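Just model_7.pdb here, PDB, C-alpha atoms, pLDDT in the B column:
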ATOM      1  CA  MET A   1       0.000   0.000   0.000  1.00 40.00           C
ATOM      2  CA  ALA A   2       1.325   3.445  -0.969  1.00 43.00           C
ATOM      3  CA  THR A   3       2.118   5.798   1.858  1.00 43.00           C
ATOM      4  CA  LEU A   4       1.359   9.490   1.848  1.00 43.00           C
ATOM      5  CA  LYS A   5       5.048  10.201   1.374  1.00 49.00           C
ATOM      6  CA  THR A   6       5.106   7.919  -1.658  1.00 55.00           C
ATOM      7  CA  LEU A   7       1.960   9.529  -3.101  1.00 52.00           C
ATOM      8  CA  ALA A   8       3.456  12.982  -2.571  1.00 53.00           C
ATOM      9  CA  GLU A   9       6.652  11.868  -4.305  1.00 53.00           C
ATOM     10  CA  LEU A  10       4.638  10.451  -7.213  1.00 49.00           C
ATOM     11  CA  GLU A  11       2.702  13.717  -7.537  1.00 56.00           C
ATOM     12  CA  ARG A  12       5.933  15.759  -7.400  1.00 53.00           C
ATOM     13  CA  ARG A  13       7.515  13.499 -10.008  1.00 50.00           C
ATOM     14  CA  ARG A  14       4.415  13.828 -12.215  1.00 56.00           C
ATOM     15  CA  THR A  15       4.481  17.638 -12.007  1.00 57.00           C
ATOM     16  CA  ASP A  16       8.229  17.644 -12.686  1.00 68.00           C
ATOM     17  CA  THR A  17       7.688  15.482 -15.769  1.00 83.00           C
ATOM     18  CA  TYR A  18       4.506  17.017 -17.236  1.00 86.00           C
ATOM     19  CA  VAL A  19       3.406  20.589 -17.860  1.00 89.00           C
ATOM     20  CA  THR A  20       0.086  22.242 -18.803  1.00 90.00           C
ATOM     21  CA  GLN A  21      -0.351  24.874 -21.515  1.00 92.00           C
ATOM     22  CA  SER A  22      -0.900  27.587 -18.895  1.00 91.00           C
ATOM     23  CA  GLU A  23       2.334  26.581 -17.142  1.00 91.00           C
ATOM     24  CA  VAL A  24       4.190  26.842 -20.470  1.00 91.00           C
ATOM     25  CA  VAL A  25       2.695  30.314 -21.066  1.00 91.00           C
ATOM     26  CA  SER A  26       3.702  31.411 -17.530  1.00 90.00           C
ATOM     27  CA  LEU A  27       7.237  30.149 -18.050  1.00 88.00           C
ATOM     28  CA  LEU A  28       7.480  31.976 -21.383  1.00 85.00           C
ATOM     29  CA  LYS A  29       6.222  35.217 -19.820  1.00 85.00           C
ATOM     30  CA  GLU A  30       8.956  34.919 -17.171  1.00 85.00           C
ATOM     31  CA  GLU A  31      11.484  34.574 -20.023  1.00 81.00           C
ATOM     32  CA  GLY A  32      10.179  37.686 -21.780  1.00 79.00           C
ATOM     33  CA  PHE A  33       7.900  36.124 -24.414  1.00 78.00           C
ATOM     34  CA  THR A  34       4.888  38.118 -23.227  1.00 78.00           C
ATOM     35  CA  ASP A  35       2.758  37.839 -26.363  1.00 78.00           C
ATOM     36  CA  VAL A  36       2.528  34.007 -26.406  1.00 84.00           C
ATOM     37  CA  THR A  37      -0.864  32.724 -25.249  1.00 88.00           C
ATOM     38  CA  GLU A  38      -2.576  29.353 -24.946  1.00 91.00           C
ATOM     39  CA  ARG A  39      -4.249  30.207 -28.245  1.00 89.00           C
ATOM     40  CA  THR A  40      -0.803  30.607 -29.848  1.00 86.00           C
ATOM     41  CA  LEU A  41       0.189  27.177 -28.541  1.00 90.00           C
ATOM     42  CA  SER A  42      -3.061  25.694 -29.918  1.00 88.00           C
ATOM     43  CA  TYR A  43      -2.351  27.230 -33.312  1.00 85.00           C
ATOM     44  CA  TRP A  44       1.176  25.812 -33.340  1.00 85.00           C
ATOM     45  CA  ARG A  45      -0.256  22.387 -32.438  1.00 87.00           C
ATOM     46  CA  SER A  46      -2.754  22.618 -35.306  1.00 84.00           C
ATOM     47  CA  GLU A  47       0.100  23.484 -37.693  1.00 78.00           C
ATOM     48  CA  GLY A  48       2.071  20.433 -36.527  1.00 81.00           C
ATOM     49  CA  LEU A  49       4.790  22.554 -34.914  1.00 82.00           C
ATOM     50  CA  LEU A  50       4.056  21.143 -31.433  1.00 87.00           C
ATOM     51  CA  PRO A  51       2.975  17.660 -30.322  1.00 88.00           C
ATOM     52  CA  GLN A  52      -0.585  16.938 -29.250  1.00 90.00           C
ATOM     53  CA  LEU A  53      -1.481  17.178 -25.576  1.00 90.00           C
ATOM     54  CA  VAL A  54      -1.942  14.005 -23.523  1.00 86.00           C
ATOM     55  CA  ARG A  55      -5.041  13.714 -21.345  1.00 85.00           C
ATOM     56  CA  ASP A  56      -4.528  12.935 -17.660  1.00 82.00           C
ATOM     57  CA  GLY A  57      -7.896  12.908 -15.910  1.00 82.00           C
ATOM     58  CA  THR A  58      -9.300  16.398 -16.411  1.00 86.00           C
ATOM     59  CA  GLN A  59      -5.997  17.945 -17.489  1.00 85.00           C
ATOM     60  CA  TYR A  60      -4.225  18.023 -20.822  1.00 87.00           C
ATOM     61  CA  LEU A  61      -0.460  17.848 -20.520  1.00 89.00           C
ATOM     62  CA  TRP A  62       2.808  17.783 -22.427  1.00 89.00           C
ATOM     63  CA  ARG A  63       5.971  16.005 -21.362  1.00 86.00           C
ATOM     64  CA  ARG A  64       8.166  18.790 -20.012  1.00 85.00           C
ATOM     65  CA  ASP A  65      11.336  17.482 -21.673  1.00 81.00           C
ATOM     66  CA  GLU A  66       9.604  17.386 -25.088  1.00 80.00           C
ATOM     67  CA  ILE A  67       7.945  20.787 -25.062  1.00 88.00           C
ATOM     68  CA  ILE A  68       9.893  23.532 -23.301  1.00 85.00           C
ATOM     69  CA  ASP A  69      12.893  23.722 -25.655  1.00 84.00           C
ATOM     70  CA  ARG A  70      10.637  23.289 -28.683  1.00 85.00           C
ATOM     71  CA  VAL A  71       8.418  26.215 -27.678  1.00 87.00           C
ATOM     72  CA  ARG A  72      11.437  28.404 -26.903  1.00 83.00           C
ATOM     73  CA  THR A  73      12.819  27.619 -30.347  1.00 79.00           C
ATOM     74  CA  LEU A  74       9.507  28.591 -31.967  1.00 79.00           C
ATOM     75  CA  CYS A  75       9.396  31.829 -30.004  1.00 79.00           C
ATOM     76  CA  GLN A  76      12.890  32.739 -31.154  1.00 72.00           C
ATOM     77  CA  SER A  77      12.524  31.556 -34.746  1.00 65.00           C
ATOM     78  CA  SER A  78      11.370  33.485 -37.757  1.00 46.00           C
ATOM     79  CA  GLN A  79       8.307  31.196 -37.892  1.00 44.00           C
ATOM     80  CA  TYR A  80       6.932  32.982 -34.837  1.00 51.00           C
ATOM     81  CA  LYS A  81       7.444  36.443 -36.279  1.00 54.00           C
ATOM     82  CA  GLU A  82       5.238  37.480 -39.177  1.00 49.00           C
ATOM     83  CA  SER A  83       7.142  36.437 -42.268  1.00 49.00           C
ATOM     84  CA  PRO A  84       7.356  39.264 -44.806  1.00 45.00           C
ATOM     85  CA  THR A  85       7.219  36.712 -47.619  1.00 53.00           C
ATOM     86  CA  ARG A  86       4.026  35.011 -46.415  1.00 69.00           C
ATOM     87  CA  ILE A  87       1.107  36.635 -48.219  1.00 76.00           C
ATOM     88  CA  LEU A  88      -2.499  35.603 -47.538  1.00 83.00           C
ATOM     89  CA  PHE A  89      -3.912  37.814 -50.270  1.00 86.00           C
ATOM     90  CA  GLN A  90      -3.516  41.163 -51.994  1.00 89.00           C
ATOM     91  CA  TYR A  91      -5.817  44.087 -51.270  1.00 89.00           C
ATOM     92  CA  SER A  92      -6.102  47.037 -53.624  1.00 89.00           C
ATOM     93  CA  ILE A  93      -7.007  50.571 -52.521  1.00 88.00           C
ATOM     94  CA  GLU A  94      -7.235  53.227 -55.222  1.00 90.00           C
ATOM     95  CA  GLY A  95      -4.749  51.378 -57.413  1.00 89.00           C
ATOM     96  CA  ASP A  96      -2.243  50.668 -54.653  1.00 89.00           C
ATOM     97  CA  VAL A  97      -1.799  46.934 -54.040  1.00 90.00           C
ATOM     98  CA  HIS A  98      -1.076  45.841 -50.465  1.00 88.00           C
ATOM     99  CA  ASN A  99       0.180  42.358 -49.568  1.00 85.00           C
ATOM    100  CA  ILE A 100      -1.767  41.126 -46.534  1.00 86.00           C
ATOM    101  CA  ALA A 101       0.067  38.809 -44.116  1.00 81.00           C
ATOM    102  CA  ARG A 102      -2.521  38.551 -41.313  1.00 80.00           C
ATOM    103  CA  VAL A 103      -6.164  39.407 -40.593  1.00 84.00           C
ATOM    104  CA  ASP A 104      -7.847  39.941 -37.221  1.00 81.00           C
ATOM    105  CA  ILE A 105     -11.584  40.418 -36.696  1.00 81.00           C
ATOM    106  CA  ARG A 106     -12.305  42.832 -33.829  1.00 80.00           C
ATOM    107  CA  ILE A 107     -15.040  45.000 -32.401  1.00 79.00           C
ATOM    108  CA  LEU A 108     -13.846  48.598 -32.483  1.00 78.00           C
ATOM    109  CA  GLY A 109     -16.131  51.474 -31.578  1.00 79.00           C
ATOM    110  CA  GLY A 110     -19.107  49.115 -31.433  1.00 81.00           C
ATOM    111  CA  GLU A 111     -18.611  47.928 -35.025  1.00 84.00           C
ATOM    112  CA  VAL A 112     -17.105  44.722 -36.359  1.00 85.00           C
ATOM    113  CA  LYS A 113     -13.851  45.510 -38.144  1.00 86.00           C
ATOM    114  CA  ALA A 114     -11.296  43.540 -40.118  1.00 86.00           C
ATOM    115  CA  VAL A 115      -7.762  44.596 -39.262  1.00 84.00           C
ATOM    116  CA  LEU A 116      -5.490  43.753 -42.186  1.00 86.00           C
ATOM    117  CA  TYR A 117      -1.762  43.619 -41.460  1.00 80.00           C
ATOM    118  CA  THR A 118       0.455  44.301 -44.465  1.00 81.00           C
ATOM    119  CA  THR A 119       3.827  42.699 -45.107  1.00 77.00           C
ATOM    120  CA  GLN A 120       5.313  46.220 -45.007  1.00 75.00           C
ATOM    121  CA  GLY A 121       4.255  46.604 -41.355  1.00 73.00           C
ATOM    122  CA  GLY A 122       1.167  48.760 -41.902  1.00 79.00           C
ATOM    123  CA  THR A 123      -2.464  48.125 -41.014  1.00 83.00           C
ATOM    124  CA  ILE A 124      -5.720  48.658 -42.856  1.00 88.00           C
ATOM    125  CA  VAL A 125      -8.985  48.730 -40.905  1.00 88.00           C
ATOM    126  CA  LYS A 126     -12.214  47.895 -42.745  1.00 89.00           C
ATOM    127  CA  THR A 127     -15.773  47.852 -41.368  1.00 89.00           C
ATOM    128  CA  LEU A 128     -17.495  44.541 -42.036  1.00 86.00           C
ATOM    129  CA  LYS A 129     -21.135  44.310 -43.066  1.00 80.00           C
ATOM    130  CA  GLU A 130     -23.390  42.294 -40.795  1.00 72.00           C
ATOM    131  CA  GLU A 131     -24.111  39.646 -43.435  1.00 69.00           C
ATOM    132  CA  ILE A 132     -20.372  39.008 -43.901  1.00 67.00           C
ATOM    133  CA  CYS A 133     -19.991  38.471 -40.149  1.00 65.00           C
ATOM    134  CA  HIS A 134     -22.801  35.893 -40.188  1.00 62.00           C
ATOM    135  CA  ALA A 135     -21.164  34.083 -43.111  1.00 58.00           C
ATOM    136  CA  ILE A 136     -17.833  33.970 -41.256  1.00 58.00           C
ATOM    137  CA  ALA A 137     -19.495  32.685 -38.074  1.00 54.00           C
ATOM    138  CA  ARG A 138     -21.291  29.893 -39.958  1.00 53.00           C
ATOM    139  CA  SER A 139     -18.255  28.619 -41.853  1.00 47.00           C
TER
END

Now that the file is in, can you turn its structure into structure tokens?
Amino acid sequence: MATLKTLAELERRRTDTYVTQSEVVSLLKEEGFTDVTERTLSYWRSEGLLPQLVRDGTQYLWRRDEIIDRVRTLCQSSQYKESPTRILFQYSIEGDVHNIARVDIRILGGEVKAVLYTTQGGTIVKTLKEEICHAIARS
């Protein structure tokens, strides 16, 4: 039969071996990577840049030795920064063509806006019509 000391050691060993997404984010914030969130980690997992989480009861975990260095490398690599050569689409305004690298949908001033980030470092803000928002939400 396991003693309390043994159970405590097992729990300590488990927490030393495994880490949650929020623990990874906290560690990264301590190291100065303040803009990495759990959503960022989820995106990297979906892109195959990070391994899938392992379920342990109600928690989802990574093996600490597999994940920490990998996430640090991603944070420091050019893959994490917006690549100036990655173009989602081109947007033309009055004859000027802008290469769009990223798009965020936000509520600004009570209206739904698309914030388009150009490869040159600029932003374009466009108001979205209500029917477009419904189409985006349904897809």

Report the distance between CA of Leu49 in chain A and CA of Val71 in chain A in Å, rounded to one decimal place.
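Spanning CA of Leu49 in chain A to CA of Val71 in chain A is a straight-line distance of 8.9 Å.
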
Tell me, as an mmCIF file with C-alpha atoms, in the coordinates of the input, which residues lie within 9 Å of Ile105 in chain A, counting all atoms listed in the file; anything in the same chain fewer than 5 positions away does not count.
data_model
loop_
_atom_site.group_PDB
_atom_site.id
_atom_site.type_symbol
_atom_site.label_atom_id
_atom_site.label_comp_id
_atom_site.auth_asym_id
_atom_site.auth_seq_id
_atom_site.Cartn_x
_atom_site.Cartn_y
_atom_site.Cartn_z
ATOM 1 C CA VAL A 112 -17.105 44.722 -36.359
ATOM 2 C CA LYS A 113 -13.851 45.510 -38.144
ATOM 3 C CA ALA A 114 -11.296 43.540 -40.118
ATOM 4 C CA VAL A 115 -7.762 44.596 -39.262
ATOM 5 C CA LEU A 116 -5.490 43.753 -42.186
ATOM 6 C CA LEU A 128 -17.495 44.541 -42.036
#

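Rounded to one decimal, CA of Thr37 in chain A and CA of Arg106 in chain A lie 17.5 Å from each other.
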
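When the PyMOL selection byres ((chain A and resi 51-61) around 8) is evaluated on the file shown here, the picked residues come out as Tyr18, Val19, Thr20, Gln21, Arg45, Gly48, Leu49, Leu50, Trp62, Arg63 and Ile67 of chain A.
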
Padding of 4 Å on every side, edges along x, y and z, all listed atoms of range 15-31 of chain A included: what centre and edge lengths in Å, to one decimal, does that box have, as AutoDock Vina command-line options?
--center_x 5.3 --center_y 25.3 --center_z -16.8 --size_x 20.4 --size_y 27.7 --size_z 17.5

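Neighbouring residues of Ile68 in chain A at 8 Å or closer, counting all atoms listed in the file and skipping chain neighbours under 4 positions away, are Val24, Arg64 and Arg72 of chain A.
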
Suppose you want the space between CA of Tyr43 in chain A and CA of Gly110 in chain A; what is it in Å?
27.6 Å

Going by the chain IDs and residue numbers used in this file, which residues fall under the PyMOL selection byres ((chain A and resi 124) around 12)? Write them as a PyMOL selection string.
chain A and resi 91-93+97-105+113-123+125-127
